[in-house]
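Just below is one structure, and these are the notes that go with it.
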Protein chains: 2
Amino acid sequence: MKKRCAPLVLLLLLVADLCAQQSNQSAGLMIRHRLMPVPMSLRFQPGRLAINSSFSVAVTGHSDARLQSGIERAIKRLESRTGLALTNTVKSGQQGAVLVIKCERAGQAIPTVSEDESYTLEVMATQAQLIAPTVVGALRGLETFIQLLDGDRAGYFIPVAQIQDKPRFPWRGLLIDVCRHWEPIEVIKRNLDGMAMLKLNVLHLHLTDDQGFRIESRKYPRLHQQGSDGHYYTQEEIREIIAYAKERGIRVIPEFDIPGHTTSWLVGHPELASAPGPYQIERKYGVFDSALDPTREETYKLLDKFLGEMAALFPDAYLHIGGDEVTGKHWRLNPQIQAFMQQKGLKDKHALQAYFNQRISQLLQKHGKKMVGWDEILHPDLPNNIVVQSWRGQKSLAEGAKKGYTGILSSGYYLDHMRTAAYHYAVDPIRADSDLTEQEAARILGGEACMWGEYVGPENIDSRIWPRMAAIAERFWSPRTVTDVEDMYRRLEAVSVQLEDLGLMHQTYLGKMLRRMVGGEGVEQLKTLIDVVEPLKGLGRAEVIPITQMTPLTRIVDVAGADSRPAREFALMVEGLLNDSPRFHVYRDGVQRLLEEWRQVHPAIYTLADKSPIIREAETLARDLSELSRAGLEALGYLSEGVAPPEEWRNEKLAIIEKVAKTKSEVEFPILPTVRLLIVAAGEMPQLKTMTPGNWKAHITALANPKK
Amino acid sequence: MKKRCAPLVLLLLLVADLCAQQSNQSAGLMIRHRLMPVPMSLRFQPGRLAINSSFSVAVTGHSDARLQSGIERAIKRLESRTGLALTNTVKSGQQGAVLVIKCERAGQAIPTVSEDESYTLEVMATQAQLIAPTVVGALRGLETFIQLLDGDRAGYFIPVAQIQDKPRFPWRGLLIDVCRHWEPIEVIKRNLDGMAMLKLNVLHLHLTDDQGFRIESRKYPRLHQQGSDGHYYTQEEIREIIAYAKERGIRVIPEFDIPGHTTSWLVGHPELASAPGPYQIERKYGVFDSALDPTREETYKLLDKFLGEMAALFPDAYLHIGGDEVTGKHWRLNPQIQAFMQQKGLKDKHALQAYFNQRISQLLQKHGKKMVGWDEILHPDLPNNIVVQSWRGQKSLAEGAKKGYTGILSSGYYLDHMRTAAYHYAVDPIRADSDLTEQEAARILGGEACMWGEYVGPENIDSRIWPRMAAIAERFWSPRTVTDVEDMYRRLEAVSVQLEDLGLMHQTYLGKMLRRMVGGEGVEQLKTLIDVVEPLKGLGRAEVIPITQMTPLTRIVDVAGADSRPAREFALMVEGLLNDSPRFHVYRDGVQRLLEEWRQVHPAIYTLADKSPIIREAETLARDLSELSRAGLEALGYLSEGVAPPEEWRNEKLAIIEKVAKTKSEVEFPILPTVRLLIVAAGEMPQLKTMTPGNWKAHITALANPKK
């Protein structure tokens with residue numbers, strides 16, 4: 001790593017400088033801040049508020065336990081980062097306090113979608129004033145205050161600034177699926193800490209699915225006893241999670257996915273099934289046929305009591321009933337259900353599910369809850385206070401909005417699909433070309449990222465959520481005009497470090513998992529390889545190696561991240577290099593160094609695999625990486641020397657690229673398109689030297705991506 | 001790091017080869033195993049038991065829930081390391097099972113010091129048999145089985161072996177002080193996991209002290225409510241800890257330190273004090289004057305009820321009453337206490353404390369507990385079923401044993417003194433020159449390492465306990481003849497990685513804390529510096545910078561480890577180099593590379609400190625390291641070229657060494673003696689070339705350490 005630090009730092013500075021203007025559009029002073037999400041309005045001015053051991057806080061307006069603990073947590077974080085003992089922190093009056101917090105009221109007793117989360121933060125050279133209508137707003141402002149912390153030779157400080165801030169969307173969530181794999185309460189807590197830092201406000205717990213029933217039901221204990229392998233939240237723990245979330249201004253919405261995705265329910269209650277039992281907890285992944293029988297009153301009797309129990313446990317106004325992916329097969333095969341449908345005039349599975357949803361809607365109404373469900377629940381018979389969570393996309397969501405339904409977007413925010421932060425960042429809950437009226441657009445409440453649990457356990461889940469989730473959080477909070485990708489990545493680096501302060505392990509998991517793989521020595525070479533591969537995007541992984549709930553999550557694909565930083569930096573450097581026509585000198589050393597480093601991984605991995613069978617699968621990867629790197633180095637040579645390669649060279653090298661691209665593997669090389677670009681560019685020498693950047697880009701890109 | 005991997009691997013192999021014989025004294029086959037603690041008897045033979053996806057376990061003798069969960073945990077760890085889904089693991093009969101466990105009985109319902117922890121493990125090419133009289137013995141054997149896991153091109157396997165094992169000492173403990181800093185229950189749990197892996201069997205919780213009262217008392221709730229800042233274990237949590245420990249064959253012994261070290265008690269109960277209140281939780285560290293009033297019946301009344309409550313909560317036969325460091329000042333100043341002493345004929349504070357202890361002893365007897373206390377409690381009036389925990393040393397312990405008292409050693413095992421693993425490893429509870437009879441020696445039950453809490457919080461405590469604790473665990477378990485330091489370090493590396501599998505964070509904390517210091521970029525250079533400094537040994541730190549309970553533990557000294565690996569490797573390489581007379585060629589490149597790397601740290605740290613005031617204190621260190629390295633490089637030059645340095649050179653360089661040695665800092669350079677050795681050796685050129693290793697060693701060492 002060390003070897004390439006210097007050019008990368010240069011590169012980052014360059015990129016950062018380019019971005020400075022954009023990240024700070026309304027600024028009176030250009031400051032490369034590290035705020036995430038970017039506030040609605042932000043203006044820096046010359047000057048600084050010193051943060052030293054005499055730091056103090058005064059609360060002049062409303063005060064309560066929630067605000068006080070928020071302040072205590074903020075002080076602890078300032079202490080950790082500065083190393084200063086801030087023991088003199090509580091001031092009774094405004095005078096002399098370094099930070100004055102003035103809050104009008106507590107905010108809602110139970111947080112809702114209409115909570116006022118706005119705040120203003122005015123940092124002056126002698127004092128900062130944080131003003132908010134509610135405690136939740138003050139908590140949001142405190143996060144901004146902490147993120148502003150900076151340092152130089154004169155010590156720590158907060159730059160003088162005026163900030164007015166409020167969220168663009170009122171529903172900014174994260175779904176965590178604890179069914180496919182169990183996540184103990186400490187995982188939830190540390191993720192709530194991360195959410196609070198990024199000003200997210202909804203934790204959606206996906207609590208039941210085919211592979212697990214993860215909550216204690218006192219009314220129907222066979223549900224969790226037989227459906228969970230002993231891994232479920234007790235009601236006490238749920239209360240603890242809810243309280244922990246509320247302390248941070250976060251709502252908790254439970255999801256009980258019905259009538260499909262219910263195998264785990266049927267282990268203890270086969271009498272509710274649409275096909276004869278017995279049932280076992282599902283270990284495989286996918287969409288299964290088992291479903292509750294929507295034609296039997298026993299089903300509604302159990303659901304009435306169970307949902308009543310849950311409605312009392314979860315204070316949020318909403319309750320999620322899932323409702324997705326019912327295959328209908330077991331309904332089709334059950335004569336009794338068929339007869340019922342005929343009798344009621346329900347023409348297909350959709351009609352039957354609509355009937356079911358309407359019954360559930362009545363139950364929820366009775367228990368004082370509004371319904372949330374996936375796209376499939378949308379049906380004219382349902383009241384329009386429901387919220388549709390769209391896994392289908394903005395179009396589906398916008399259609400709902402036009403019909404009067406409120407909704408949130410999840411399509412485009414599936415964290416388990418292992419796409420880059422840039423990918424998610426580009427998805428807006430409301431498309432730029434949307435034809436929604438203002439009133440219709442207001443029905444789009446926001447979005448939720450989804451951390452589906454097939455491939456994550458306590459050890460690597462943080463690395464699948466963070467830091468990418470922070471980019472999504474910014475999408476939900478900041479003005480839609482905040483879209484600069486490189487600046488987002490720059491700020492993400494800083495945020496990522498601060499997230500670990502809160503206990504998240506998205507960076508530390510890596511060293512730990514790699515050390516386990518090799519038993520200690522040799523981690524550096526393996527890390528170089530892992531850093532430059534990414535798990536297949538989307539649902540590809542499952543097609544390469546079948547995996548079940550029982551498969552350990554400790555292999556290469558479970559360690560590799562979604563957003564390779566070396567690959568991103570490599571791409572930026574190659575672009576800089578090609579822009580430097582006709583010399584092709586800028587970043588050449590950096591590009592070469594990276595390629596050399598990658599090329600050398602192969603023999604090291606081979607030696608490691610001698611003793612660690614678990615990394616034998618890395619040998620092919622290392623060989624491929626070596627080939628890619630060699631091809632890239634050769635291309636670099638032609639570019640540097642300004643000479644044309646032999647006729648056959650280009651095709652040979654492109655064939656290698658295609659071979660690597662087609663290798664069946666759970667991971668892929670995000671550097672591949674960049675290496676292809678290098679090869680194609682080298683193949684165009686020496687005429688490339690005569691082109692302007694504008695020209696070569698179109699030319700080379702067309703050649704490098706022939707299909708487009 | 002990468003740059004020096006190759007020579008270090010060579011070096012480690014060399015050292016390892018030298019040690020192979022010693023670590024495997026009774027072996028039929030030479031295998032460099034990674035077992036820790038080394039079993040009593042161990043014999044490898046050719047052959048291997050394959051570990052693949054058809055791995056299975058059969059329990060043929062006694063079985064119970066504790067054994068079953070031990071097996072489940074073991075399987076999970078095998079799965080993580082191998083990446084294999086071991087789903088077919090439970091066999092009802094011995095036939096076809098890969099691992100057969102035959103256990104005679106459950107073992108004690110409440111673990112005691114006389115629990116039988118022995119086991120035999122016979123690994124054959126088709127099956128392994130683990131035989132143990134108790135479940136605890138089987139759990140110990142399972143740890144050995146997992147540690148034997150190895151891999152090569154043919155897959156994972158356990159080498160064919162016969163092992164007979166039992167502990168040398170029955171009391172093998174770790175004290176964790178949760179008073180000076182609070183450690184939440186998850187910290188305790190992951191440390192219990194680590195203890196179980198190293199076959200430790202006593203967790204000693206230091207629950208009350210001047211700086212905190214860390215346990216819920218329902219009888220006297222003011223104790224924890226006013227004495228803990230809200231950080232204490234509920235009784236529910238204590239039960240959870242005890243159950244968690246018992247599952248792993250570990251006893252839990254609570255300590256309530258009385259009559260001194262009791263400031264936190266007096267916040268809620270000033271009426272028990274020997275001097276007038278009010279009292280506040282003590283924030284400073286050290287020995288304080290506050291003490292319970294041993295002359296008042298109210299004191300005994302409260303202690304009777306409180307100790308009764310605790311005796312019911314903690315099932316262990318022993319209860320620790322501390323009893324250390326009573327200054328006696330408040331007793332001396334209190335006329336009522338003085339009158340009482342005169343009346344009872346108690347001539348000094350020791351006599352008064354003995355009176356107090358005797359009263360407490362009666363209370364404990366009433367509540368069915370035996371007493372443990374620090375050296376100071378030893379007094380002829382106490383029954384001899386007490387256990388004395390010695391912070392004074394082996395001599396004090398042996399004297400007790402001669403008088404008929406059982407005892408355990410803690411002197412030499414203070415983890416907070418930040419000494420090396422080698423240091424602790426050399427301390428034996430019974431000195432080699434001991435004159436104890438066999439019967440007397442048997443009264444020395446073992447030892448406890450002490451993790452005093454002044455300088456540790458949840459973030460860095462693991463790194464202060466592990467991996468050094470593993471070396472102490474070996475001292476407590478393995479035959480006293482197992483003393484090879486380099487082989488211990490080799491095995492410690494492997495064990496350290498496996499400890500992290502269990503959730504311990506002694507390696508990952510480092511990256512996290514360094515990233516926080518610099519905000520992300522530039523961690524590598526800071527790590528190079530941190531890796532080569534160690535906190536001052538013993539109690540030195542407190543004299544450099546005053547620190548209280550409120551000081552953040554996030555500075556250089558809180559991150560630096562106790563046992564610098566680069567420094568150890570540097571020393572080994574320099575010794576190899578000097579042994580290679582007259583060429584001085586072996587390891588020269590390695591030594592030079594390390595010195596060059598260290599020399600280059602200075603400018604990098606200077607740049608980092610521009611933005612991170614918290615690492616400004618590292619600038620002096622980096623400068624000193626640079627000077628040391630330059631001196632070392634010059635010495636290396638003279639050695640390589642075989643020429644004598646100018647006359648003044650040696651004195652000049654030694655002056656630099658002395659200057660660095662005298663720099664007031666919380667950390668020190670463990671490479672300093674090795675650099676001094678290099679300088680002195682270079683100063684003896686060219687005559688050094690004519691000396692044999694035996695000769696030069698005595699000569700140079702005398703010159704390098706003039707005081708000896």
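Each chain of the structure tokens is named A, B, ... in the order shown, its residues numbered from 1; ligands are numbered from 1 in display order.
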Residues near Ser463 in chain B, cut-off 6 Å, only C-alpha atoms, skip fewer than 3 positions along chain, as a list in words |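 In the requested format, the answer is Asn460, Trp466 and His506 of chain B.
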With a distance threshold of 9 Å and counting only C-alpha atoms, extract the residues of chain A near chain B and express them as a ChimeraX atom specification.
-> /A:1-2,5,9,76,79-87,150-156,186,493-498,500-501,505,507-509,511-513,515-517,519-522,524-525,550-555,609-614,616
Go through B:Phe669, B:Phe256, B:Trp598, B:Tyr244 and flag the residue nearest Leu633 in chain B, using only C-alpha atoms for the distances.
->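 Nearest to Leu633 in chain B: B:Trp598.
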Would you mind listing what lies within 10 Å of Leu302 in chain B as a ChimeraX atom specification, with only C-alpha atoms counted and same-chain residues fewer than 4 positions away left out?
-> /B:219-220,269,272,297-298,306-308
Per-residue DSSP, range 202-244 of chain A, filtered to strand (DSSP E or B), as a list in words =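 These are the residues in question: Val202, Leu203, His204, Leu205, His206, Leu207, Thr208, Asp209, Gly212, Phe213, Ile215 and Tyr233 of chain A.
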Export of the given selection (all heavy atoms) as a compact mmCIF listing (two decimals), in the first residue's frame:
# COMPACT_ATOMS: atom_id res chain seq x y z
N VAL A 202 -35.45 5.85 9.66
CA VAL A 202 -36.31 4.67 9.74
C VAL A 202 -35.47 3.40 9.70
O VAL A 202 -34.70 3.18 8.75
CB VAL A 202 -37.32 4.61 8.57
CG1 VAL A 202 -38.14 3.32 8.65
CG2 VAL A 202 -38.26 5.82 8.57
N LEU A 203 -35.61 2.58 10.73
CA LEU A 203 -35.04 1.23 10.69
C LEU A 203 -36.19 0.28 10.41
O LEU A 203 -37.15 0.20 11.18
CB LEU A 203 -34.38 0.86 12.01
CG LEU A 203 -33.95 -0.61 12.12
CD1 LEU A 203 -32.83 -0.93 11.14
CD2 LEU A 203 -33.52 -0.95 13.55
N HIS A 204 -36.09 -0.42 9.30
CA HIS A 204 -37.12 -1.38 8.90
C HIS A 204 -36.55 -2.77 9.17
O HIS A 204 -35.58 -3.18 8.54
CB HIS A 204 -37.39 -1.13 7.40
CG HIS A 204 -38.25 -2.15 6.72
ND1 HIS A 204 -38.89 -1.89 5.53
CD2 HIS A 204 -38.60 -3.41 7.03
CE1 HIS A 204 -39.58 -2.95 5.13
NE2 HIS A 204 -39.41 -3.90 6.02
N LEU A 205 -37.14 -3.46 10.13
CA LEU A 205 -36.66 -4.80 10.48
C LEU A 205 -37.51 -5.85 9.75
O LEU A 205 -38.70 -5.97 10.00
CB LEU A 205 -36.74 -5.03 11.98
CG LEU A 205 -35.71 -4.31 12.84
CD1 LEU A 205 -36.00 -4.55 14.33
CD2 LEU A 205 -34.28 -4.76 12.51
N HIS A 206 -36.86 -6.56 8.85
CA HIS A 206 -37.53 -7.65 8.13
C HIS A 206 -37.45 -8.88 9.04
O HIS A 206 -36.43 -9.56 9.09
CB HIS A 206 -36.81 -7.86 6.79
CG HIS A 206 -37.45 -8.89 5.91
ND1 HIS A 206 -38.57 -8.63 5.15
CD2 HIS A 206 -37.12 -10.17 5.66
CE1 HIS A 206 -38.91 -9.71 4.47
NE2 HIS A 206 -38.03 -10.66 4.76
N LEU A 207 -38.54 -9.13 9.76
CA LEU A 207 -38.47 -10.05 10.91
C LEU A 207 -38.90 -11.48 10.62
O LEU A 207 -38.61 -12.38 11.41
CB LEU A 207 -39.32 -9.49 12.07
CG LEU A 207 -38.72 -8.28 12.78
CD1 LEU A 207 -39.77 -7.61 13.67
CD2 LEU A 207 -37.51 -8.68 13.61
N THR A 208 -39.68 -11.68 9.57
CA THR A 208 -40.09 -13.05 9.28
C THR A 208 -39.94 -13.33 7.80
O THR A 208 -40.20 -12.47 6.96
CB THR A 208 -41.56 -13.31 9.68
OG1 THR A 208 -42.43 -12.56 8.80
CG2 THR A 208 -41.84 -12.92 11.11
N ASP A 209 -39.50 -14.53 7.50
CA ASP A 209 -39.37 -14.97 6.11
C ASP A 209 -39.26 -16.49 6.10
O ASP A 209 -39.27 -17.11 7.16
CB ASP A 209 -38.14 -14.30 5.45
CG ASP A 209 -38.38 -14.08 3.96
OD1 ASP A 209 -38.76 -15.04 3.26
OD2 ASP A 209 -38.21 -12.93 3.49
N GLY A 212 -36.59 -17.88 8.53
CA GLY A 212 -36.50 -17.63 9.96
C GLY A 212 -37.61 -16.73 10.46
O GLY A 212 -38.02 -15.78 9.79
N PHE A 213 -38.09 -17.04 11.65
CA PHE A 213 -39.10 -16.23 12.32
C PHE A 213 -38.39 -15.63 13.53
O PHE A 213 -38.11 -16.32 14.52
CB PHE A 213 -40.28 -17.12 12.74
CG PHE A 213 -41.48 -16.33 13.18
CD1 PHE A 213 -42.56 -16.15 12.32
CD2 PHE A 213 -41.54 -15.75 14.43
CE1 PHE A 213 -43.66 -15.40 12.70
CE2 PHE A 213 -42.64 -15.00 14.83
CZ PHE A 213 -43.70 -14.82 13.97
N ILE A 215 -38.82 -13.15 15.90
CA ILE A 215 -39.33 -12.34 17.01
C ILE A 215 -40.17 -13.20 17.92
O ILE A 215 -40.93 -14.07 17.46
CB ILE A 215 -40.11 -11.11 16.50
CG1 ILE A 215 -40.53 -10.23 17.67
CG2 ILE A 215 -41.32 -11.52 15.65
CD1 ILE A 215 -40.91 -8.83 17.27
N TYR A 233 -35.37 -12.11 18.41
CA TYR A 233 -35.36 -11.06 19.42
C TYR A 233 -36.46 -11.33 20.43
O TYR A 233 -37.61 -11.56 20.06
CB TYR A 233 -35.60 -9.68 18.80
CG TYR A 233 -34.59 -9.31 17.75
CD1 TYR A 233 -34.98 -9.04 16.45
CD2 TYR A 233 -33.24 -9.22 18.06
CE1 TYR A 233 -34.04 -8.70 15.48
CE2 TYR A 233 -32.30 -8.90 17.09
CZ TYR A 233 -32.71 -8.64 15.80
OH TYR A 233 -31.79 -8.32 14.85
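When only C-alpha atoms are used to compute distances to Arg180 in chain B, the closest of the residues B:Gly93, B:Pro254, B:Gly453, B:Pro566 turns out to be B:Gly453.
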Hey, can you check how far CA of Pro429 in chain A sits from CA of Arg392 in chain A?
->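 Computing the Euclidean distance for CA of Pro429 in chain A and CA of Arg392 in chain A yields 11.9 Å.
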Using DSSP on the backbone coordinates, identify the residues of range 479-529 of chain B assigned to alpha helix (DSSP H); present them as a ChimeraX atom specification.
-> /B:485-501,508-518,523-529
Figure out the distance between CA of His417 in chain B and CA of Ser478 in chain B, please, to one decimal in Å.
->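 Rounded to one decimal, the two atoms are 23.9 Å apart.
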Hey, can you check how far CA of Ser217 in chain B sits from CA of Glu236 in chain B?
-> 11.4 Å
Do a neighbour search on Ser290 in chain A at 8 Å with only C-alpha atoms, toss out local chain neighbours closer than 5 positions, and write the hits as a ChimeraX atom specification.
-> /A:260-263,273-275,330
May I have the selected residues written with N, CA and C atoms, as a PDB file, in the first residue's frame?
ATOM      1  N   GLY A 260     -47.033 -14.930   1.408  1.00  0.00           N
ATOM      2  CA  GLY A 260     -45.906 -15.748   0.959  1.00  0.00           C
ATOM      3  C   GLY A 260     -44.734 -15.542   1.907  1.00  0.00           C
ATOM      4  N   HIS A 261     -43.607 -16.125   1.559  1.00  0.00           N
ATOM      5  CA  HIS A 261     -42.402 -15.998   2.405  1.00  0.00           C
ATOM      6  C   HIS A 261     -42.685 -16.410   3.845  1.00  0.00           C
ATOM      7  N   THR A 262     -43.479 -17.448   4.016  1.00  0.00           N
ATOM      8  CA  THR A 262     -43.934 -17.780   5.373  1.00  0.00           C
ATOM      9  C   THR A 262     -43.570 -19.200   5.831  1.00  0.00           C
ATOM     10  N   THR A 263     -42.607 -19.835   5.160  1.00  0.00           N
ATOM     11  CA  THR A 263     -42.277 -21.215   5.551  1.00  0.00           C
ATOM     12  C   THR A 263     -41.993 -21.340   7.046  1.00  0.00           C
ATOM     13  N   ALA A 273     -51.174 -23.526   6.562  1.00  0.00           N
ATOM     14  CA  ALA A 273     -50.559 -23.619   5.239  1.00  0.00           C
ATOM     15  C   ALA A 273     -51.588 -23.902   4.151  1.00  0.00           C
ATOM     16  N   SER A 274     -51.207 -23.560   2.937  1.00  0.00           N
ATOM     17  CA  SER A 274     -52.063 -23.832   1.787  1.00  0.00           C
ATOM     18  C   SER A 274     -51.827 -25.210   1.198  1.00  0.00           C
ATOM     19  N   ALA A 275     -50.750 -25.859   1.638  1.00  0.00           N
ATOM     20  CA  ALA A 275     -50.473 -27.231   1.203  1.00  0.00           C
ATOM     21  C   ALA A 275     -50.097 -28.020   2.450  1.00  0.00           C
ATOM     22  N   HIS A 330     -49.321 -23.207  -4.490  1.00  0.00           N
ATOM     23  CA  HIS A 330     -50.044 -23.972  -3.462  1.00  0.00           C
ATOM     24  C   HIS A 330     -51.522 -23.588  -3.421  1.00  0.00           C
TER      25      HIS A 330
END
Spatial neighbours of Val90 in chain A, 10 Å, only C-alpha atoms, chain gap at least 6 places, as JSON, numbers by chain | {"A": [55, 56, 57, 58, 59, 68, 71, 72, 97, 99]}
Distance query Thr120 in chain A at most 8 Å, only C-alpha atoms, self and fewer than 3 positions along chain excluded, as an NGL selection string | :A and (129-132 or 141 or 162-165)
Would you mind telling me which residue in A:Ala681, A:Leu625, A:Leu319, A:Ala542 lies nearest to Ile657 in chain A when using only C-alpha atoms?
->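 Result for the nearest residue to Ile657 in chain A: A:Leu625.
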Counting only C-alpha atoms, what is within 10 Å of Ile281 in chain B, bar same-chain residues fewer than 3 positions away, as a ChimeraX atom specification?
-> /B:209-213,226-229,262-268,284
Please save N, CA and C atoms of the selected residues as a CSV table (one decimal), in the first residue's frame.
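That gives us part12.csv:
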chain,number,residue,atom,x,y,z
B,209,ASP,N,-14.3,-0.3,43.7
B,209,ASP,CA,-13.1,0.4,44.0
B,209,ASP,C,-13.4,1.8,44.2
B,210,ASP,N,-12.4,2.6,44.5
B,210,ASP,CA,-12.6,4.0,44.7
B,210,ASP,C,-13.4,4.7,43.5
B,211,GLN,N,-13.0,4.2,42.3
B,211,GLN,CA,-13.5,4.9,41.1
B,211,GLN,C,-14.8,4.3,40.5
B,212,GLY,N,-15.4,3.4,41.2
B,212,GLY,CA,-16.7,2.9,40.7
B,212,GLY,C,-17.2,1.7,41.5
B,213,PHE,N,-18.5,1.6,41.6
B,213,PHE,CA,-19.2,0.5,42.3
B,213,PHE,C,-20.0,-0.1,41.2
B,226,GLN,N,-25.4,5.6,43.2
B,226,GLN,CA,-24.6,6.8,43.4
B,226,GLN,C,-23.1,6.6,43.2
B,227,GLY,N,-22.7,5.3,43.0
B,227,GLY,CA,-21.3,5.1,43.0
B,227,GLY,C,-20.8,4.6,41.6
B,228,SER,N,-21.6,4.7,40.6
B,228,SER,CA,-21.2,4.1,39.3
B,228,SER,C,-21.3,4.9,38.1
B,229,ASP,N,-21.8,6.2,38.1
B,229,ASP,CA,-22.1,7.0,36.9
B,229,ASP,C,-23.1,6.2,36.0
B,262,THR,N,-12.6,2.2,48.9
B,262,THR,CA,-14.1,2.1,49.0
B,262,THR,C,-14.7,3.5,48.8
B,263,THR,N,-14.1,4.4,48.2
B,263,THR,CA,-14.7,5.7,48.0
B,263,THR,C,-16.1,5.7,47.4
B,264,SER,N,-16.2,4.8,46.3
B,264,SER,CA,-17.5,4.8,45.6
B,264,SER,C,-18.6,4.3,46.5
B,265,TRP,N,-18.3,3.4,47.5
B,265,TRP,CA,-19.3,3.0,48.4
B,265,TRP,C,-19.9,4.2,49.2
B,266,LEU,N,-18.9,5.1,49.5
B,266,LEU,CA,-19.2,6.1,50.5
B,266,LEU,C,-20.0,7.3,49.9
B,267,VAL,N,-20.1,7.3,48.6
B,267,VAL,CA,-21.0,8.3,48.0
B,267,VAL,C,-22.4,8.2,48.4
B,268,GLY,N,-22.9,7.0,48.4
B,268,GLY,CA,-24.3,6.7,48.8
B,268,GLY,C,-24.4,6.4,50.3
B,284,LYS,N,-9.3,10.4,40.3
B,284,LYS,CA,-7.9,10.2,40.1
B,284,LYS,C,-7.5,8.8,40.4
Residue among B:Thr112, B:Thr674, B:Asn88, B:Gln394 lying closest to Lys370 in chain B, counting only C-alpha atoms | B:Thr112
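The shortest atom-to-atom distance to Glu255 in chain B, with only C-alpha atoms taken into account, belongs to B:Gly323 out of B:Pro270, B:Pro582, B:Gly323, B:Gly230.
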